[in-house]
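First the structure, in the form of structure tokens, and then the observations on it.
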Amino acid sequence: MAVQELELTNKKKSTKFSTVKFDENIKEKIEAAPDLVFRDGSRVSGSEMWRFMTTEGPKRYPNLFSKGKNHGFSDDAELISGFRRNYFNTTMYDRLNRFAAKGTPVVFIQGGQTHEPYYAAGGIPIRPGQVNGWATNSKENMDYDEADLRRLQIREIGRQALTVDACQTAKYEIIQNELVQGISIIAPYLCTRCSDIGYGVEAHRHGKVQLPLLPVDFPVNNQQNKPWAREYVAENLRRLVRKIAELSKVEVNDDVLWKEIKLHNEKRRLAREYLDLWWSAPVPPTNSQDHTAIAGLGNESSNDPVAAKQILEESLKEVKERIRNNVKGKNLSDDPVRLFICGSCVNPNPHVVDRAGGVVVGKDDGLSEIFYDVEETGDPYEQLAKTMLSFPYELPTEERGRWVAEQVKKSRADGMIFMYQWGCNFQSAAARLVADVVKKEAGVPTIIIERAMAESAQGQEQLHNRVEVFIEMLRQGKK
Ligand code: SF4
């Protein structure tokens with residue numbers, strides 16, 4: 001696919017990282033594992049996955065297969081579902097290119113919502129971070145530093161076109177410069193969580209690339225039990241589905257939407273079962289990186305919910321086995337400090353957390369979206385609306401704080417980190433109140449950490465440092 005070349009000054013820097021090499025010991029298990037089956041019925045065998053991950057992938061994407069102290073795939077090579085998840089995620093860009101070539105509408109969305117309406121209407125929802133990855137990796141054969149620089153230079157276009165104050169530009173720089181081809185509609189929910197999505201969406205109205213814009217409006221402040229609010233959101237969802245279906249030429253009736261809702265309910269249930277088991281295990285069975293990624297599959301599907309569900313099932317099975325055998329996640333210390341994370345769009349670096357003697361147990365964003373199922377009776381749009389309006393993350397801040405305190409207790413967290421991006425007006429304002437409520441109700445220390453928008457991997461030492469110090473403080477408190 002012809003993707004417009006950026007005139008960037010990508011230069012190789014001198015930093016050298018190694019390339020991930022998977023241990024031949026796991027080859028037999030990978031090859032013997034069942035095919036991964038996608039929504040269109042296509043299948044990928046274990047042998048093909050091994051070939052891609054050891055030959056084609058590292059050649060095309062040296063950056064994604066790069067291994068450094070603070071980046072790269074999880075070291076837990078024995079977790080076979082982890083290898084398969086990495087295959088699934090790394091090949092996402094090829095799938096997106098195929099969808100775009102076939103004319104399947106790829107829909108720009110925001111994080112933190114139910115994905116059923118997009119998939120049911122024949123679209124492929126894609127979040128800002130995935131659009132970044134797609135644009136960055138549309139150029140192949142870059143090393144880690146080259147890819148990092150390319151990503152930053154793409155961001156810079158958005159900053160100069162809009163403002164340096166926006167952490168999120170609704171991917172203005174990518175869509176308006178056609179750095180990826182195939183995004184056919186901009187249709188995010190306008191949740192309270194994000195101060196910048198609405199702003200970024202508006203900017204597209206004035207860009208040279210004119211795509212249909214269809215934000216899904218979302219009433220704020222505890223509306224879930226009000227009939228008018230449910231009806232209003234349901235009507236927004238009907239409009240969303242109609243618009244995407246016009247582009248995909250898929251006929252959508254209630255049965256199609258119910259089928260999609262049932263599939264996503266199953267994913268949500270699997271993720272909750274996984275979290276309950278993980279939280280109550282005497283020894284954490286996976287490290288922070290694998291744990292966060294497995295729980296994330298409850299809501300995220302990397303453009304194929306059928307395959308995502310299969311990987312989630314496989315992860316759950318493997319983790320149950322580990323818990324039975326008292327196996328600890330790779331690189332975790334004995335009795336690690338347990339951290340609960342709050343906030344959108346940013347996380348502590350899992351390599352740093354584990355090395356410092358901690359482990360991430362959960363996050364409010366992400367957990368919120370799998371916390372409730374969509375009731376499978378009545379009108380599917382109204383049921384979806386009811387569930388969305390109930391998401392704890394979108395409730396008034398004090399209530400969100402009380403819900404987080406409950407999860408902190410349930411996950412046996414030793415402390416809570418509220419992390420937000422510089423430029424994130426809503427999360428920065430909510431942080432203090434959530435932290436205070438959690439401290440009062442769960443009785444654990446809390447810290448608020450702002451992530452500077454420097455964003456270069458090399459520019460994050462300050463961020464890592466504060467996480468390490470907090471873990472050390474919690475460890476002293478445990479003695
Ligand atoms: S960090 Fe905040 S403002 Fe930025 S995209 Fe995320 S939620 Fe939106």
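Here, A, B, ... name the chains of the structure tokens in the order displayed, residue numbers run from 1 inside each chain, and ligands are numbered from 1 in the same displayed order.
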Can you list, as a PyMOL selection string, every protein, DNA or RNA residue that comes within 7 Å of range 351-366 of chain A when you count only C-alpha atoms, leaving out same-chain residues fewer than 6 positions away? chain A and resi 70+112+287-288+296+299+331-333+336-344+393+404+411+413+464+468+471
Could the residues in this selection be saved with C-alpha atoms as an mmCIF file, in the first residue's frame?
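Below is the file part_13.cif, written as the result:
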```cif
data_model
loop_
_atom_site.group_PDB
_atom_site.id
_atom_site.type_symbol
_atom_site.label_atom_id
_atom_site.label_comp_id
_atom_site.auth_asym_id
_atom_site.auth_seq_id
_atom_site.Cartn_x
_atom_site.Cartn_y
_atom_site.Cartn_z
ATOM 1 C CA ASN A 70 12.949 -0.847 29.836
ATOM 2 C CA GLY A 112 -12.748 3.412 27.342
ATOM 3 C CA ASN A 287 4.669 -10.332 35.777
ATOM 4 C CA SER A 288 3.282 -6.788 35.427
ATOM 5 C CA GLY A 296 -6.637 -5.715 28.758
ATOM 6 C CA ASN A 299 -12.079 -4.901 26.429
ATOM 7 C CA ASN A 331 11.325 -11.448 37.029
ATOM 8 C CA LEU A 332 9.099 -10.809 40.046
ATOM 9 C CA SER A 333 10.723 -10.571 43.445
ATOM 10 C CA PRO A 336 6.448 -7.960 45.580
ATOM 11 C CA VAL A 337 4.856 -4.657 46.521
ATOM 12 C CA ARG A 338 1.389 -4.621 44.918
ATOM 13 C CA LEU A 339 0.453 -1.456 42.993
ATOM 14 C CA PHE A 340 -2.984 -0.371 41.827
ATOM 15 C CA ILE A 341 -2.851 2.187 39.000
ATOM 16 C CA CYS A 342 -5.333 4.964 38.180
ATOM 17 C CA GLY A 343 -5.627 7.296 35.212
ATOM 18 C CA SER A 344 -5.955 7.283 31.418
ATOM 19 C CA TYR A 393 -14.541 5.435 35.579
ATOM 20 C CA VAL A 404 -11.279 2.351 43.156
ATOM 21 C CA SER A 411 -6.705 -6.772 44.780
ATOM 22 C CA ALA A 413 -2.799 -3.564 46.735
ATOM 23 C CA HIS A 464 10.774 5.795 36.644
ATOM 24 C CA GLU A 468 10.883 3.236 42.256
ATOM 25 C CA ILE A 471 7.761 1.132 45.745
#
```
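Among all protein and nucleic acid residues, the ones that lie within 8 Å of ligand 1 when counting only C-alpha atoms and all ligand atoms are A:Gln110, A:Gly111, A:Pro128, A:Ala166, A:Cys167, A:Gln168, A:Thr169, A:Arg193, A:Cys194, A:Ser195, A:Asp196, A:Ile197, A:Gly343, A:Ser344, A:Cys345, A:Val346, A:Tyr420, A:Gln421, A:Trp422, A:Gly423, A:Cys424, A:Asn425, A:Phe426, A:Gln427.
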Selected residues, C-alpha atoms, written as a CSV table (one decimal), in the first residue's frame, please.
```csv
chain,number,residue,atom,x,y,z
A,110,GLN,CA,-11.3,6.9,21.9
A,111,GLY,CA,-10.3,4.5,24.7
A,128,PRO,CA,-5.3,6.7,19.2
A,166,ALA,CA,-2.9,18.8,23.8
A,167,CYS,CA,-1.8,15.3,24.7
A,168,GLN,CA,-4.2,13.9,22.2
A,169,THR,CA,-5.0,15.4,18.9
A,193,ARG,CA,-12.5,11.0,30.9
A,194,CYS,CA,-10.7,12.9,28.1
A,195,SER,CA,-10.4,16.6,27.8
A,196,ASP,CA,-8.7,16.5,24.4
A,197,ILE,CA,-10.7,14.1,22.2
A,343,GLY,CA,-5.6,7.3,35.2
A,344,SER,CA,-6.0,7.3,31.4
A,345,CYS,CA,-3.4,6.7,28.7
A,346,VAL,CA,-0.3,6.2,30.8
A,420,TYR,CA,-1.7,11.3,34.2
A,421,GLN,CA,-0.3,12.9,31.1
A,422,TRP,CA,0.7,16.5,31.1
A,423,GLY,CA,-2.1,18.2,29.1
A,424,CYS,CA,-4.8,15.8,30.4
A,425,ASN,CA,-7.1,18.3,32.0
A,426,PHE,CA,-9.8,16.0,33.4
A,427,GLN,CA,-7.5,13.3,34.8
```
Atomic distance CA of Val469 in chain A - CA of Val283 in chain A, expressed in Å with one decimal: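 Value for the CA of Val469 in chain A-CA of Val283 in chain A distance: 23.1 Å.
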List as a PDB file with all heavy atoms, in the first residue's frame the protein and nucleic acid residues near range 82-87 of chain A, meaning an atom at most 9 Å away when only C-alpha atoms are counted, but skip any in the same chain fewer than 6 places from it.
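The resulting file, around-v6.pdb, is shown below:
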```pdb
ATOM      1  N   ILE A  30       5.019 -24.205  21.101  1.00  0.00           N
ATOM      2  CA  ILE A  30       4.367 -23.208  20.224  1.00  0.00           C
ATOM      3  C   ILE A  30       3.786 -23.910  19.007  1.00  0.00           C
ATOM      4  O   ILE A  30       2.640 -23.662  18.601  1.00  0.00           O
ATOM      5  CB  ILE A  30       5.389 -22.133  19.763  1.00  0.00           C
ATOM      6  CG1 ILE A  30       5.949 -21.352  20.947  1.00  0.00           C
ATOM      7  CG2 ILE A  30       4.773 -21.194  18.713  1.00  0.00           C
ATOM      8  CD1 ILE A  30       4.988 -20.447  21.644  1.00  0.00           C
ATOM      9  N   LEU A  36      -4.719 -20.355  15.738  1.00  0.00           N
ATOM     10  CA  LEU A  36      -5.453 -19.167  16.172  1.00  0.00           C
ATOM     11  C   LEU A  36      -6.479 -18.872  15.072  1.00  0.00           C
ATOM     12  O   LEU A  36      -6.123 -18.761  13.897  1.00  0.00           O
ATOM     13  CB  LEU A  36      -4.483 -17.985  16.344  1.00  0.00           C
ATOM     14  CG  LEU A  36      -5.072 -16.679  16.857  1.00  0.00           C
ATOM     15  CD1 LEU A  36      -5.688 -16.852  18.246  1.00  0.00           C
ATOM     16  CD2 LEU A  36      -4.007 -15.580  16.897  1.00  0.00           C
ATOM     17  N   GLY A  46       0.548 -22.847  14.796  1.00  0.00           N
ATOM     18  CA  GLY A  46       1.669 -22.577  15.700  1.00  0.00           C
ATOM     19  C   GLY A  46       2.985 -22.477  14.939  1.00  0.00           C
ATOM     20  O   GLY A  46       3.828 -21.633  15.266  1.00  0.00           O
ATOM     21  N   MET A  49       3.237 -19.142  13.365  1.00  0.00           N
ATOM     22  CA  MET A  49       3.543 -18.111  14.378  1.00  0.00           C
ATOM     23  C   MET A  49       5.029 -18.120  14.721  1.00  0.00           C
ATOM     24  O   MET A  49       5.662 -17.083  14.819  1.00  0.00           O
ATOM     25  CB  MET A  49       2.753 -18.382  15.664  1.00  0.00           C
ATOM     26  CG  MET A  49       1.337 -17.952  15.582  1.00  0.00           C
ATOM     27  SD  MET A  49       0.598 -18.108  17.213  1.00  0.00           S
ATOM     28  CE  MET A  49      -1.103 -18.188  16.728  1.00  0.00           C
ATOM     29  N   TRP A  50       5.574 -19.329  14.901  1.00  0.00           N
ATOM     30  CA  TRP A  50       7.000 -19.442  15.244  1.00  0.00           C
ATOM     31  C   TRP A  50       7.848 -18.833  14.122  1.00  0.00           C
ATOM     32  O   TRP A  50       8.778 -18.080  14.371  1.00  0.00           O
ATOM     33  CB  TRP A  50       7.379 -20.908  15.495  1.00  0.00           C
ATOM     34  CG  TRP A  50       8.830 -21.059  15.822  1.00  0.00           C
ATOM     35  CD1 TRP A  50       9.833 -21.424  14.972  1.00  0.00           C
ATOM     36  CD2 TRP A  50       9.446 -20.814  17.096  1.00  0.00           C
ATOM     37  NE1 TRP A  50      11.040 -21.409  15.622  1.00  0.00           N
ATOM     38  CE2 TRP A  50      10.834 -21.050  16.933  1.00  0.00           C
ATOM     39  CE3 TRP A  50       8.967 -20.419  18.350  1.00  0.00           C
ATOM     40  CZ2 TRP A  50      11.744 -20.903  17.977  1.00  0.00           C
ATOM     41  CZ3 TRP A  50       9.884 -20.270  19.393  1.00  0.00           C
ATOM     42  CH2 TRP A  50      11.243 -20.508  19.202  1.00  0.00           C
ATOM     43  N   PHE A  52       6.990 -16.549  11.920  1.00  0.00           N
ATOM     44  CA  PHE A  52       6.876 -15.082  11.869  1.00  0.00           C
ATOM     45  C   PHE A  52       7.685 -14.446  12.999  1.00  0.00           C
ATOM     46  O   PHE A  52       8.424 -13.477  12.775  1.00  0.00           O
ATOM     47  CB  PHE A  52       5.404 -14.647  11.970  1.00  0.00           C
ATOM     48  CG  PHE A  52       5.241 -13.145  11.902  1.00  0.00           C
ATOM     49  CD1 PHE A  52       5.070 -12.509  10.673  1.00  0.00           C
ATOM     50  CD2 PHE A  52       5.307 -12.369  13.052  1.00  0.00           C
ATOM     51  CE1 PHE A  52       4.970 -11.113  10.607  1.00  0.00           C
ATOM     52  CE2 PHE A  52       5.214 -10.979  12.996  1.00  0.00           C
ATOM     53  CZ  PHE A  52       5.036 -10.360  11.773  1.00  0.00           C
ATOM     54  N   MET A  53       7.541 -14.989  14.191  1.00  0.00           N
ATOM     55  CA  MET A  53       8.156 -14.344  15.359  1.00  0.00           C
ATOM     56  C   MET A  53       9.674 -14.517  15.406  1.00  0.00           C
ATOM     57  O   MET A  53      10.357 -13.787  16.128  1.00  0.00           O
ATOM     58  CB  MET A  53       7.528 -14.902  16.656  1.00  0.00           C
ATOM     59  CG  MET A  53       6.068 -14.565  16.822  1.00  0.00           C
ATOM     60  SD  MET A  53       5.757 -12.790  16.990  1.00  0.00           S
ATOM     61  CE  MET A  53       6.127 -12.532  18.730  1.00  0.00           C
ATOM     62  N   GLY A  57       9.153 -11.392  11.319  1.00  0.00           N
ATOM     63  CA  GLY A  57       8.874 -10.245  12.203  1.00  0.00           C
ATOM     64  C   GLY A  57      10.127  -9.444  12.532  1.00  0.00           C
ATOM     65  O   GLY A  57      10.173  -8.224  12.304  1.00  0.00           O
ATOM     66  N   PHE A  73       9.368  -7.328  24.548  1.00  0.00           N
ATOM     67  CA  PHE A  73       8.405  -8.335  25.005  1.00  0.00           C
ATOM     68  C   PHE A  73       8.757  -8.802  26.421  1.00  0.00           C
ATOM     69  O   PHE A  73       9.911  -8.703  26.849  1.00  0.00           O
ATOM     70  CB  PHE A  73       8.428  -9.561  24.087  1.00  0.00           C
ATOM     71  CG  PHE A  73       8.008  -9.297  22.663  1.00  0.00           C
ATOM     72  CD1 PHE A  73       8.728  -9.824  21.606  1.00  0.00           C
ATOM     73  CD2 PHE A  73       6.872  -8.542  22.377  1.00  0.00           C
ATOM     74  CE1 PHE A  73       8.341  -9.607  20.289  1.00  0.00           C
ATOM     75  CE2 PHE A  73       6.470  -8.314  21.059  1.00  0.00           C
ATOM     76  CZ  PHE A  73       7.214  -8.842  20.017  1.00  0.00           C
ATOM     77  N   SER A  74       7.768  -9.354  27.083  1.00  0.00           N
ATOM     78  CA  SER A  74       7.992  -9.918  28.412  1.00  0.00           C
ATOM     79  C   SER A  74       9.043 -11.028  28.342  1.00  0.00           C
ATOM     80  O   SER A  74       9.123 -11.766  27.366  1.00  0.00           O
ATOM     81  CB  SER A  74       6.669 -10.501  28.926  1.00  0.00           C
ATOM     82  OG  SER A  74       6.888 -11.411  29.966  1.00  0.00           O
ATOM     83  N   ASP A  76       8.968 -13.598  30.045  1.00  0.00           N
ATOM     84  CA  ASP A  76       8.357 -14.851  30.499  1.00  0.00           C
ATOM     85  C   ASP A  76       8.082 -15.765  29.299  1.00  0.00           C
ATOM     86  O   ASP A  76       6.933 -15.936  28.867  1.00  0.00           O
ATOM     87  CB  ASP A  76       7.058 -14.546  31.253  1.00  0.00           C
ATOM     88  CG  ASP A  76       6.692 -15.653  32.213  1.00  0.00           C
ATOM     89  OD1 ASP A  76       7.148 -16.795  31.995  1.00  0.00           O
ATOM     90  OD2 ASP A  76       5.956 -15.376  33.180  1.00  0.00           O
ATOM     91  N   ASP A 290       2.760  -8.975  31.436  1.00  0.00           N
ATOM     92  CA  ASP A 290       1.809  -9.983  30.963  1.00  0.00           C
ATOM     93  C   ASP A 290       0.444  -9.792  31.624  1.00  0.00           C
ATOM     94  O   ASP A 290      -0.597  -9.926  30.969  1.00  0.00           O
ATOM     95  CB  ASP A 290       2.346 -11.398  31.243  1.00  0.00           C
ATOM     96  CG  ASP A 290       3.476 -11.768  30.300  1.00  0.00           C
ATOM     97  OD1 ASP A 290       3.351 -11.507  29.092  1.00  0.00           O
ATOM     98  OD2 ASP A 290       4.500 -12.292  30.771  1.00  0.00           O
ATOM     99  N   ALA A 293      -1.485  -6.960  30.071  1.00  0.00           N
ATOM    100  CA  ALA A 293      -1.907  -7.283  28.698  1.00  0.00           C
ATOM    101  C   ALA A 293      -3.050  -8.300  28.700  1.00  0.00           C
ATOM    102  O   ALA A 293      -3.999  -8.187  27.907  1.00  0.00           O
ATOM    103  CB  ALA A 293      -0.724  -7.823  27.906  1.00  0.00           C
ATOM    104  N   ILE A 294      -2.987  -9.288  29.579  1.00  0.00           N
ATOM    105  CA  ILE A 294      -4.060 -10.303  29.608  1.00  0.00           C
ATOM    106  C   ILE A 294      -5.373  -9.651  30.051  1.00  0.00           C
ATOM    107  O   ILE A 294      -6.412  -9.813  29.404  1.00  0.00           O
ATOM    108  CB  ILE A 294      -3.701 -11.482  30.549  1.00  0.00           C
ATOM    109  CG1 ILE A 294      -2.461 -12.224  30.033  1.00  0.00           C
ATOM    110  CG2 ILE A 294      -4.877 -12.443  30.673  1.00  0.00           C
ATOM    111  CD1 ILE A 294      -1.882 -13.236  31.019  1.00  0.00           C
ATOM    112  N   ALA A 308      -9.077 -12.557  19.850  1.00  0.00           N
ATOM    113  CA  ALA A 308      -8.722 -12.000  21.170  1.00  0.00           C
ATOM    114  C   ALA A 308      -9.330 -12.864  22.279  1.00  0.00           C
ATOM    115  O   ALA A 308      -8.692 -13.144  23.301  1.00  0.00           O
ATOM    116  CB  ALA A 308      -9.211 -10.563  21.286  1.00  0.00           C
ATOM    117  N   ILE A 311      -7.312 -16.056  22.763  1.00  0.00           N
ATOM    118  CA  ILE A 311      -6.060 -15.847  23.507  1.00  0.00           C
ATOM    119  C   ILE A 311      -6.351 -15.625  24.992  1.00  0.00           C
ATOM    120  O   ILE A 311      -5.618 -16.098  25.864  1.00  0.00           O
ATOM    121  CB  ILE A 311      -5.257 -14.686  22.893  1.00  0.00           C
ATOM    122  CG1 ILE A 311      -4.777 -15.104  21.496  1.00  0.00           C
ATOM    123  CG2 ILE A 311      -4.056 -14.316  23.757  1.00  0.00           C
ATOM    124  CD1 ILE A 311      -4.058 -14.046  20.731  1.00  0.00           C
ATOM    125  N   LEU A 312      -7.437 -14.940  25.267  1.00  0.00           N
ATOM    126  CA  LEU A 312      -7.822 -14.726  26.662  1.00  0.00           C
ATOM    127  C   LEU A 312      -8.146 -16.067  27.343  1.00  0.00           C
ATOM    128  O   LEU A 312      -7.715 -16.327  28.482  1.00  0.00           O
ATOM    129  CB  LEU A 312      -9.019 -13.765  26.694  1.00  0.00           C
ATOM    130  CG  LEU A 312      -9.536 -13.260  28.023  1.00  0.00           C
ATOM    131  CD1 LEU A 312      -8.437 -12.761  28.942  1.00  0.00           C
ATOM    132  CD2 LEU A 312     -10.550 -12.139  27.791  1.00  0.00           C
ATOM    133  N   SER A 315      -4.918 -17.858  27.969  1.00  0.00           N
ATOM    134  CA  SER A 315      -4.163 -17.226  29.071  1.00  0.00           C
ATOM    135  C   SER A 315      -4.743 -17.661  30.411  1.00  0.00           C
ATOM    136  O   SER A 315      -4.014 -17.992  31.352  1.00  0.00           O
ATOM    137  CB  SER A 315      -4.236 -15.703  28.965  1.00  0.00           C
ATOM    138  OG  SER A 315      -3.845 -15.273  27.698  1.00  0.00           O
TER     139      SER A 315
END
```
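Proximity of A:Ile244, A:Ala170, A:Ile124, A:Leu152 to Thr136 in chain A, computed with only C-alpha atoms, is greatest for A:Leu152.
CA of His115 in chain A to CA of Ser138 in chain A spans 24.8 Å [interatomic distance, one decimal].
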Select from range 101-340 of chain A everything DSSP, run on the backbone, classes as strand (DSSP E or B), then give the selection as a short mmCIF file (atom, residue, chain, number, x, y, z; two decimals) with N, CA and C atoms, in the first residue's frame.
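What ended up in selection-v1.cif:
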```cif
data_model
loop_
_atom_site.label_atom_id
_atom_site.label_comp_id
_atom_site.auth_asym_id
_atom_site.auth_seq_id
_atom_site.Cartn_x
_atom_site.Cartn_y
_atom_site.Cartn_z
N VAL A 106 -12.33 1.48 8.76
CA VAL A 106 -11.54 1.55 10.00
C VAL A 106 -11.97 2.84 10.69
N VAL A 107 -12.39 2.70 11.95
CA VAL A 107 -13.05 3.82 12.64
C VAL A 107 -12.15 4.35 13.75
N PHE A 108 -11.84 5.63 13.71
CA PHE A 108 -11.06 6.22 14.80
C PHE A 108 -11.96 6.40 16.02
N ILE A 124 -13.98 -1.53 12.00
CA ILE A 124 -12.85 -1.93 12.85
C ILE A 124 -12.48 -0.72 13.70
N PRO A 125 -12.82 -0.75 15.01
CA PRO A 125 -12.46 0.40 15.85
C PRO A 125 -10.96 0.43 16.13
N ILE A 126 -10.40 1.61 16.11
CA ILE A 126 -8.96 1.72 16.37
C ILE A 126 -8.69 2.95 17.24
N ILE A 183 -8.46 4.93 7.28
CA ILE A 183 -9.38 5.41 8.32
C ILE A 183 -10.50 6.14 7.59
N SER A 184 -11.74 5.66 7.78
CA SER A 184 -12.79 6.23 6.95
C SER A 184 -13.81 7.03 7.74
N ILE A 185 -13.73 7.00 9.04
CA ILE A 185 -14.68 7.81 9.82
C ILE A 185 -14.08 8.07 11.21
N ILE A 186 -14.38 9.24 11.75
CA ILE A 186 -13.90 9.60 13.11
C ILE A 186 -15.13 9.57 13.99
N TYR A 189 -16.56 8.19 21.33
CA TYR A 189 -17.50 8.65 22.34
C TYR A 189 -16.89 9.89 22.98
N LEU A 213 -17.49 12.89 10.49
CA LEU A 213 -17.24 12.99 11.94
C LEU A 213 -18.54 12.61 12.65
N VAL A 216 -20.03 10.31 19.53
CA VAL A 216 -21.18 9.76 20.26
C VAL A 216 -21.29 10.54 21.56
N VAL A 337 5.78 -5.72 46.11
CA VAL A 337 4.86 -4.66 46.52
C VAL A 337 3.76 -4.55 45.45
N ARG A 338 2.51 -4.57 45.89
CA ARG A 338 1.39 -4.62 44.92
C ARG A 338 0.86 -3.20 44.67
N LEU A 339 0.84 -2.83 43.37
CA LEU A 339 0.45 -1.46 42.99
C LEU A 339 -0.85 -1.45 42.22
N PHE A 340 -1.78 -0.60 42.63
CA PHE A 340 -2.98 -0.37 41.83
C PHE A 340 -2.78 0.96 41.11
#
```
Which one of A:Asp255, A:Glu48, A:Asp35, A:Asp40 sits closest to Phe99 in chain A if you count only C-alpha atoms?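 Using only C-alpha atoms, the shortest distance to Phe99 in chain A belongs to A:Asp40.
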